[in-house]
>>> print(open('protein.pdb').read())   # PDB, C-alpha atoms and all ligand atoms
ATOM      1  CA  MET G   1     -11.420  -8.310   7.415
ATOM      2  CA  GLU G   2      -8.396  -6.227   8.179
ATOM      3  CA  LEU G   3      -6.995  -4.070   5.325
ATOM      4  CA  PHE G   4      -3.674  -5.877   4.896
ATOM      5  CA  GLU G   5      -5.454  -9.213   4.814
ATOM      6  CA  ALA G   6      -7.789  -7.914   2.089
ATOM      7  CA  LEU G   7      -4.803  -6.628   0.104
ATOM      8  CA  ALA G   8      -3.261 -10.095   0.191
ATOM      9  CA  LYS G   9      -6.506 -11.995  -0.412
ATOM     10  CA  ARG G  10      -7.839  -9.914  -3.322
ATOM     11  CA  TYR G  11      -7.601 -11.809  -6.580
ATOM     12  CA  SER G  12      -9.363 -11.898  -9.909
ATOM     13  CA  CYS G  13     -12.101 -14.396  -9.191
ATOM     14  CA  ARG G  14     -13.797 -15.693 -12.343
ATOM     15  CA  ASP G  15     -15.511 -18.748 -10.814
ATOM     16  CA  LEU G  16     -18.596 -17.217  -9.340
ATOM     17  CA  LYS G  17     -21.779 -18.587  -7.861
ATOM     18  CA  ARG G  18     -25.017 -16.626  -7.867
ATOM     19  CA  VAL G  19     -26.076 -15.515  -4.386
ATOM     20  CA  GLU G  20     -28.371 -12.807  -3.138
ATOM     21  CA  ILE G  21     -26.085  -9.895  -2.254
ATOM     22  CA  PRO G  22     -27.798  -7.801   0.433
ATOM     23  CA  ARG G  23     -28.288  -4.197  -0.610
ATOM     24  CA  GLY G  24     -26.359  -3.135   2.504
ATOM     25  CA  ASP G  25     -23.275  -4.954   1.213
ATOM     26  CA  LEU G  26     -23.604  -3.310  -2.206
ATOM     27  CA  GLU G  27     -23.892   0.053  -0.473
ATOM     28  CA  LYS G  28     -20.705  -0.616   1.532
ATOM     29  CA  ILE G  29     -18.861  -1.452  -1.699
ATOM     30  CA  LEU G  30     -20.199   1.672  -3.418
ATOM     31  CA  ASP G  31     -19.187   3.780  -0.429
ATOM     32  CA  ALA G  32     -15.638   2.408  -0.675
ATOM     33  CA  GLY G  33     -15.576   3.591  -4.308
ATOM     34  CA  ARG G  34     -16.972   6.983  -3.408
ATOM     35  CA  ARG G  35     -14.200   7.520  -0.859
ATOM     36  CA  ALA G  36     -11.347   7.033  -3.342
ATOM     37  CA  ALA G  37      -8.714   9.670  -3.918
ATOM     38  CA  SER G  38      -9.560  11.826  -6.923
ATOM     39  CA  GLY G  39      -7.578  14.536  -8.718
ATOM     40  CA  LYS G  40      -8.582  17.914  -7.218
ATOM     41  CA  ASN G  41     -11.393  15.937  -5.555
ATOM     42  CA  ILE G  42     -13.504  16.404  -8.691
ATOM     43  CA  GLN G  43     -14.884  12.846  -8.485
ATOM     44  CA  PRO G  44     -15.887  12.667 -12.160
ATOM     45  CA  PHE G  45     -17.425   9.213 -11.829
ATOM     46  CA  SER G  46     -20.753   7.495 -11.307
ATOM     47  CA  PHE G  47     -21.609   3.922 -10.479
ATOM     48  CA  LEU G  48     -24.350   1.889 -12.145
ATOM     49  CA  VAL G  49     -25.504  -1.209 -10.253
ATOM     50  CA  LEU G  50     -26.934  -4.101 -12.284
ATOM     51  CA  THR G  51     -28.727  -6.985 -10.557
ATOM     52  CA  ASP G  52     -31.250  -8.142 -13.211
ATOM     53  CA  ALA G  53     -30.217 -11.437 -14.818
ATOM     54  CA  LYS G  54     -30.988 -10.173 -18.304
ATOM     55  CA  ASP G  55     -28.715  -7.135 -17.886
ATOM     56  CA  ILE G  56     -25.936  -9.307 -16.447
ATOM     57  CA  GLU G  57     -26.296 -11.706 -19.408
ATOM     58  CA  LYS G  58     -25.985  -8.784 -21.795
ATOM     59  CA  ILE G  59     -22.642  -7.733 -20.270
ATOM     60  CA  ALA G  60     -21.565 -11.398 -20.301
ATOM     61  CA  THR G  61     -21.643 -11.297 -24.112
ATOM     62  CA  ALA G  62     -18.222  -9.651 -23.693
ATOM     63  CA  GLN G  63     -16.793 -12.351 -21.382
ATOM     64  CA  ALA G  64     -18.666 -15.531 -20.452
ATOM     65  CA  PHE G  65     -17.815 -15.839 -16.738
ATOM     66  CA  ILE G  66     -19.698 -12.595 -16.031
ATOM     67  CA  ALA G  67     -23.003 -14.472 -16.511
ATOM     68  CA  LYS G  68     -22.518 -16.065 -13.083
ATOM     69  CA  ALA G  69     -22.250 -12.714 -11.296
ATOM     70  CA  SER G  70     -24.932 -11.784  -8.782
ATOM     71  CA  ALA G  71     -24.429  -8.061  -9.350
ATOM     72  CA  ILE G  72     -22.277  -5.874 -11.539
ATOM     73  CA  ILE G  73     -21.035  -2.432 -10.650
ATOM     74  CA  ALA G  74     -20.215  -0.454 -13.790
ATOM     75  CA  ILE G  75     -17.931   2.540 -13.335
ATOM     76  CA  VAL G  76     -18.754   5.473 -15.586
ATOM     77  CA  ALA G  77     -16.620   8.594 -16.012
ATOM     78  CA  ASP G  78     -17.179  12.038 -17.455
ATOM     79  CA  PRO G  79     -13.869  12.934 -19.180
ATOM     80  CA  GLU G  80     -15.071  16.509 -19.675
ATOM     81  CA  LYS G  81     -15.136  17.046 -15.911
ATOM     82  CA  SER G  82     -11.506  16.176 -15.132
ATOM     83  CA  PRO G  83      -8.237  15.378 -16.907
ATOM     84  CA  TYR G  84      -7.627  12.830 -14.138
ATOM     85  CA  TRP G  85     -10.750  10.792 -14.876
ATOM     86  CA  LEU G  86      -8.902   7.587 -15.743
ATOM     87  CA  GLU G  87      -6.784   7.641 -12.571
ATOM     88  CA  ASP G  88      -9.870   8.532 -10.542
ATOM     89  CA  ILE G  89     -11.974   5.595 -11.742
ATOM     90  CA  SER G  90      -8.999   3.277 -11.251
ATOM     91  CA  ALA G  91      -8.666   4.370  -7.627
ATOM     92  CA  ALA G  92     -12.417   3.882  -7.117
ATOM     93  CA  ALA G  93     -12.268   0.418  -8.705
ATOM     94  CA  GLN G  94      -9.380  -0.725  -6.507
ATOM     95  CA  ASN G  95     -11.137   0.569  -3.369
ATOM     96  CA  MET G  96     -14.230  -1.391  -4.345
ATOM     97  CA  LEU G  97     -12.231  -4.572  -5.080
ATOM     98  CA  LEU G  98     -10.783  -4.404  -1.577
ATOM     99  CA  ALA G  99     -14.217  -3.855  -0.040
ATOM    100  CA  ILE G 100     -15.640  -6.760  -2.091
ATOM    101  CA  THR G 101     -12.812  -8.992  -0.835
ATOM    102  CA  ALA G 102     -13.271  -7.847   2.759
ATOM    103  CA  LEU G 103     -16.971  -8.770   2.561
ATOM    104  CA  GLY G 104     -16.089 -12.279   1.333
ATOM    105  CA  TYR G 105     -17.239 -11.925  -2.274
ATOM    106  CA  GLY G 106     -15.284 -12.593  -5.448
ATOM    107  CA  CYS G 107     -14.772 -10.148  -8.305
ATOM    108  CA  THR G 108     -12.573  -9.301 -11.277
ATOM    109  CA  TRP G 109     -11.752  -5.901 -12.739
ATOM    110  CA  VAL G 110     -13.159  -6.267 -16.268
ATOM    111  CA  GLU G 111     -12.168  -3.708 -18.853
ATOM    112  CA  GLY G 112     -10.178  -5.259 -21.704
ATOM    113  CA  THR G 113     -12.936  -7.545 -22.933
ATOM    114  CA  THR G 114     -15.777  -5.049 -22.526
ATOM    115  CA  LEU G 115     -14.143  -1.988 -24.111
ATOM    116  CA  PRO G 116     -14.811  -3.082 -27.721
ATOM    117  CA  LYS G 117     -18.509  -3.188 -26.811
ATOM    118  CA  GLU G 118     -18.536   0.132 -24.947
ATOM    119  CA  PRO G 119     -20.832   1.996 -27.423
ATOM    120  CA  GLU G 120     -23.254  -0.962 -27.560
ATOM    121  CA  PHE G 121     -23.369  -1.319 -23.755
ATOM    122  CA  LYS G 122     -23.878   2.444 -23.295
ATOM    123  CA  ASP G 123     -26.849   2.309 -25.677
ATOM    124  CA  TYR G 124     -28.279  -0.725 -23.895
ATOM    125  CA  LEU G 125     -27.879   0.794 -20.404
ATOM    126  CA  GLY G 126     -29.045   4.282 -21.399
ATOM    127  CA  ILE G 127     -25.674   5.911 -20.708
ATOM    128  CA  PRO G 128     -24.969   9.033 -22.820
ATOM    129  CA  GLN G 129     -22.317   8.326 -25.461
ATOM    130  CA  HIS G 130     -20.045  11.197 -24.293
ATOM    131  CA  LEU G 131     -19.468   9.421 -20.951
ATOM    132  CA  ARG G 132     -16.938   6.567 -20.663
ATOM    133  CA  LEU G 133     -18.124   3.151 -19.535
ATOM    134  CA  MET G 134     -14.731   1.723 -18.662
ATOM    135  CA  ILE G 135     -14.774  -0.751 -15.788
ATOM    136  CA  PHE G 136     -17.153  -3.537 -14.836
ATOM    137  CA  LEU G 137     -16.972  -5.263 -11.455
ATOM    138  CA  PRO G 138     -18.958  -8.524 -11.616
ATOM    139  CA  ILE G 139     -19.519  -9.651  -8.042
ATOM    140  CA  GLY G 140     -20.547 -13.071  -6.744
ATOM    141  CA  GLN G 141     -19.673 -15.778  -4.309
ATOM    142  CA  PRO G 142     -16.436 -17.616  -5.149
ATOM    143  CA  THR G 143     -17.123 -21.288  -5.960
ATOM    144  CA  GLY G 144     -13.925 -22.285  -4.148
ATOM    145  CA  PRO G 145     -10.635 -20.961  -2.886
ATOM    146  CA  GLY G 146      -8.495 -18.849  -5.182
ATOM    147  CA  SER G 147      -5.411 -16.724  -4.990
ATOM    148  CA  GLN G 148      -3.832 -13.649  -6.427
ATOM    149  CA  LYS G 149      -1.516 -14.094  -9.433
ATOM    150  CA  GLN G 150       2.146 -14.149  -8.555
ATOM    151  CA  LYS G 151       3.551 -10.632  -8.163
ATOM    152  CA  LYS G 152       7.081  -9.426  -8.840
ATOM    153  CA  SER G 153       9.159  -9.293  -5.700
ATOM    154  CA  ILE G 154       9.521  -6.024  -3.836
ATOM    155  CA  SER G 155      13.260  -6.005  -4.544
ATOM    156  CA  THR G 156      12.664  -5.847  -8.328
ATOM    157  CA  MET G 157      10.454  -2.772  -8.135
ATOM    158  CA  VAL G 158      11.503  -0.716  -5.153
ATOM    159  CA  HIS G 159      14.382   1.714  -4.958
ATOM    160  CA  TRP G 160      15.316   3.413  -1.714
ATOM    161  CA  GLN G 161      16.713   6.975  -1.694
ATOM    162  CA  LYS G 162      18.346   6.830  -5.161
ATOM    163  CA  TRP G 163      17.467   4.897  -8.361
TER     164      TRP G 163
HETATM  165  C1  LIG G 201      -7.011  -2.330 -16.419
HETATM  166  C2  LIG G 201      -7.381  -3.770 -16.195
HETATM  167  C3  LIG G 201      -8.147  -4.430 -17.136
HETATM  168  C4  LIG G 201      -8.528  -5.769 -16.921
HETATM  169  N1  LIG G 201      -9.376  -6.349 -17.808
HETATM  170  C5  LIG G 201      -9.762  -7.632 -17.608
HETATM  171  C6  LIG G 201     -10.708  -8.242 -18.474
HETATM  172  O1  LIG G 201     -11.209  -7.644 -19.421
HETATM  173  N2  LIG G 201     -11.069  -9.523 -18.206
HETATM  174  C7  LIG G 201     -10.542 -10.245 -17.160
HETATM  175  O2  LIG G 201     -10.906 -11.405 -16.975
HETATM  176  N3  LIG G 201      -9.648  -9.678 -16.304
HETATM  177  C8  LIG G 201      -9.254  -8.402 -16.503
HETATM  178  N4  LIG G 201      -8.391  -7.797 -15.620
HETATM  179  C9  LIG G 201      -7.859  -8.564 -14.461
HETATM  180  C10 LIG G 201      -6.395  -8.948 -14.662
HETATM  181  O3  LIG G 201      -6.301  -9.944 -15.651
HETATM  182  C11 LIG G 201      -5.814  -9.418 -13.316
HETATM  183  O4  LIG G 201      -5.877  -8.364 -12.383
HETATM  184  C12 LIG G 201      -4.357  -9.861 -13.474
HETATM  185  O5  LIG G 201      -4.270 -11.031 -14.257
HETATM  186  C13 LIG G 201      -3.701 -10.135 -12.113
HETATM  187  O6  LIG G 201      -4.412 -11.116 -11.406
HETATM  188  P1  LIG G 201      -4.913 -10.808  -9.911
HETATM  189  O7  LIG G 201      -5.962  -9.727 -10.016
HETATM  190  O8  LIG G 201      -5.496 -12.123  -9.429
HETATM  191  O9  LIG G 201      -3.748 -10.364  -9.104
HETATM  192  C14 LIG G 201      -8.055  -6.465 -15.782
HETATM  193  C15 LIG G 201      -7.293  -5.777 -14.817
HETATM  194  C16 LIG G 201      -6.989  -4.448 -15.009
HETATM  195  C17 LIG G 201      -6.239  -3.706 -13.914
END
>>> encode(input="protein.pdb", output="C-alpha cells")
Amino acid sequence: MELFEALAKRYSCRDLKRVEIPRGDLEKILDAGRRAASGKNIQPFSFLVLTDAKDIEKIATAQAFIAKASAIIAIVADPEKSPYWLEDISAAAQNMLLAITALGYGCTWVEGTTLPKEPEFKDYLGIPQHLRLMIFLPIGQPTGPGSQKQKKSISTMVHWQKW
C-alpha cells in the first residue's frame, strides 16, 4: 500500500479477529518502528512482541478488546537515556501503525487504559521498573471495514507564512 493511502486508511481498529501473523510481517512492522526519527538518534526504546494467548489476555485486563489481538507489540523506553524518550516512542508507534495498516492488519494505539497497570505489567513481563512501558499495539485482522475518526479540517489548523 502506498504511504498516502496508509495515512488515510489508518484508524483505531478495536474489532479484531485472531489470525496467524507471519513472523515476516511482524519483523516488517518492527523495522518500521526502528526507523523512526529519534532525538539525537539515541533511540532509547525497545520493542517486546507478545503472541502467547495468556500474555495477551493479561494485557486485556486493561481493555477488553485487546483479548482478540493476534500479537501485541509493547513499546518500552529508557527515560535515563534521552530527554526525548516520549517523542521518540511516539514516532516509533506512528511508524508501526502505518506499517500495520499497509500490511492490511488492524491496530489501536493503547496507552490511556494500560498506564494505570504499568507497574503490574512490567512485573508480569519481566521489564525492569525503571523503564517505561508506555504504548501497546494490539494487532489483528479487522472483522470488517472501519474508518479513521473525523479530523479537524486543514484550514482550522494550518497557518501559512504568518499566524
Ligand atoms: C497517546 C494516545 C493514547 C491512546 N490510548 C488509547 C487507549 O488507551 N485505548 C484506546 O482504545 N485507544 C487509545 N488511543 C486511540 C485514540 O482513541 C484514537 O487514536 C482517537 O480516538 C482517534 O481515532 P483514530 O485513531 O481512528 O483516528 C490512544 C491514542 C493516543 C495517540
>>> closest_atom_pairs(input="protein.pdb", of="chain G", to="ligand LIG 201 (chain G)", cutoff="8 Å", atoms="all atoms listed in the file", output="Markdown table")
| residue | atom | partner | partner_atom | distance |
| --- | --- | --- | --- | --- |
| G:Arg10 | CA | G:LIG201 | O8 | 6.9 |
| G:Tyr11 | CA | G:LIG201 | O8 | 3.6 |
| G:Ser12 | CA | G:LIG201 | O8 | 3.9 |
| G:Cys13 | CA | G:LIG201 | O8 | 7.0 |
| G:Arg14 | CA | G:LIG201 | O2 | 6.9 |
| G:Gln63 | CA | G:LIG201 | N2 | 7.1 |
| G:Ser90 | CA | G:LIG201 | C1 | 7.9 |
| G:Thr108 | CA | G:LIG201 | C9 | 5.7 |
| G:Trp109 | CA | G:LIG201 | N4 | 4.8 |
| G:Val110 | CA | G:LIG201 | C6 | 3.8 |
| G:Glu111 | CA | G:LIG201 | N1 | 4.0 |
| G:Gly112 | CA | G:LIG201 | O1 | 3.5 |
| G:Thr113 | CA | G:LIG201 | O1 | 3.9 |
| G:Thr114 | CA | G:LIG201 | O1 | 6.1 |
| G:Leu115 | CA | G:LIG201 | O1 | 7.9 |
| G:Ile135 | CA | G:LIG201 | C3 | 7.7 |
| G:Ser147 | CA | G:LIG201 | O8 | 6.4 |
| G:Gln148 | CA | G:LIG201 | O8 | 3.8 |
| G:Lys149 | CA | G:LIG201 | O9 | 4.4 |
| G:Gln150 | CA | G:LIG201 | O9 | 7.0 |
| G:Lys151 | CA | G:LIG201 | O9 | 7.4 |
>>> closest_residue(input="protein.pdb", among="G:Gly126, G:Pro116, G:Gly144, G:Gly104", to="Asp25 of chain G", atoms="only C-alpha atoms")
G:Gly104
>>> closest_residue(input="protein.pdb", among="G:Val49, G:Ile59, G:Val158, G:Ala32", to="Glu118 of chain G", atoms="all atoms listed in the file")
G:Ile59
>>> closest_residue(input="protein.pdb", among="G:Trp163, G:Thr143, G:Pro79, G:Lys58", to="Lys122 of chain G", atoms="only C-alpha atoms")
G:Lys58
>>> residues_around(input="protein.pdb", residues="Leu3 of chain G", least_positions_apart="2", cutoff="8 Å", atoms="all atoms listed in the file", output="list in words")
Met1, Glu5, Ala6, Leu7, Leu98 and Ala102 of chain G
>>> resolve_selection(input="protein.pdb", expression="the PyMOL selection byres (((chain G and resi 54-56) around 10) and not hetatm)", output="list in words")
Leu50, Thr51, Asp52, Ala53, Glu57, Lys58, Ile59, Ala60, Thr61, Ile66, Ala67, Lys68, Ala69, Ser70, Ala71, Ile72, Phe121, Tyr124, Leu125 and Pro138 of chain G
>>> resolve_selection(input="protein.pdb", expression="the PyMOL selection byres (((chain G and resi 83) around 12) and not hetatm)", output="PyMOL selection string")
chain G and resi 38-44+77-82+84-89
>>> closest_residue(input="protein.pdb", among="G:Pro22, G:Arg132, G:Phe4, G:Leu97", to="Ser46 of chain G", atoms="only C-alpha atoms")
G:Arg132
>>> closest_residue(input="protein.pdb", among="G:Ala91, G:Leu16, G:Val76, G:Gln161", to="Ala37 of chain G", atoms="all atoms listed in the file")
G:Ala91
>>> atom_distance(input="protein.pdb", atom1="atom CA of Asp15 of chain G", atom2="atom CA of Phe65 of chain G")
7.0 Å
>>> residues_around(input="protein.pdb", residues="Gln141 of chain G", least_positions_apart="2", cutoff="6 Å", atoms="all atoms listed in the file", output="list in words")
Leu16, Lys17, Tyr105 and Gly106 of chain G
>>> residues_around(input="protein.pdb", residues="Asp31 of chain G", least_positions_apart="4", cutoff="12 Å", atoms="only C-alpha atoms", output="number ranges by chain")
G: 24-27, 35-36, 46-47, 92-93, 95-100
>>> write_last_selection(input="protein.pdb", atoms="C-alpha atoms", output="PDB file, in the frame of the given file")
ATOM      1  CA  GLY G  24     -26.359  -3.135   2.504  1.00  0.00           C
ATOM      2  CA  ASP G  25     -23.275  -4.954   1.213  1.00  0.00           C
ATOM      3  CA  LEU G  26     -23.604  -3.310  -2.206  1.00  0.00           C
ATOM      4  CA  GLU G  27     -23.892   0.053  -0.473  1.00  0.00           C
ATOM      5  CA  ARG G  35     -14.200   7.520  -0.859  1.00  0.00           C
ATOM      6  CA  ALA G  36     -11.347   7.033  -3.342  1.00  0.00           C
ATOM      7  CA  SER G  46     -20.753   7.495 -11.307  1.00  0.00           C
ATOM      8  CA  PHE G  47     -21.609   3.922 -10.479  1.00  0.00           C
ATOM      9  CA  ALA G  92     -12.417   3.882  -7.117  1.00  0.00           C
ATOM     10  CA  ALA G  93     -12.268   0.418  -8.705  1.00  0.00           C
ATOM     11  CA  ASN G  95     -11.137   0.569  -3.369  1.00  0.00           C
ATOM     12  CA  MET G  96     -14.230  -1.391  -4.345  1.00  0.00           C
ATOM     13  CA  LEU G  97     -12.231  -4.572  -5.080  1.00  0.00           C
ATOM     14  CA  LEU G  98     -10.783  -4.404  -1.577  1.00  0.00           C
ATOM     15  CA  ALA G  99     -14.217  -3.855  -0.040  1.00  0.00           C
ATOM     16  CA  ILE G 100     -15.640  -6.760  -2.091  1.00  0.00           C
TER      17      ILE G 100
END
>>> atom_distance(input="protein.pdb", atom1="atom CA of Ala62 of chain G", atom2="atom CA of Ala8 of chain G")
28.2 Å
>>> atom_distance(input="protein.pdb", atom1="atom CA of Pro128 of chain G", atom2="atom CA of Ile29 of chain G")
24.4 Å
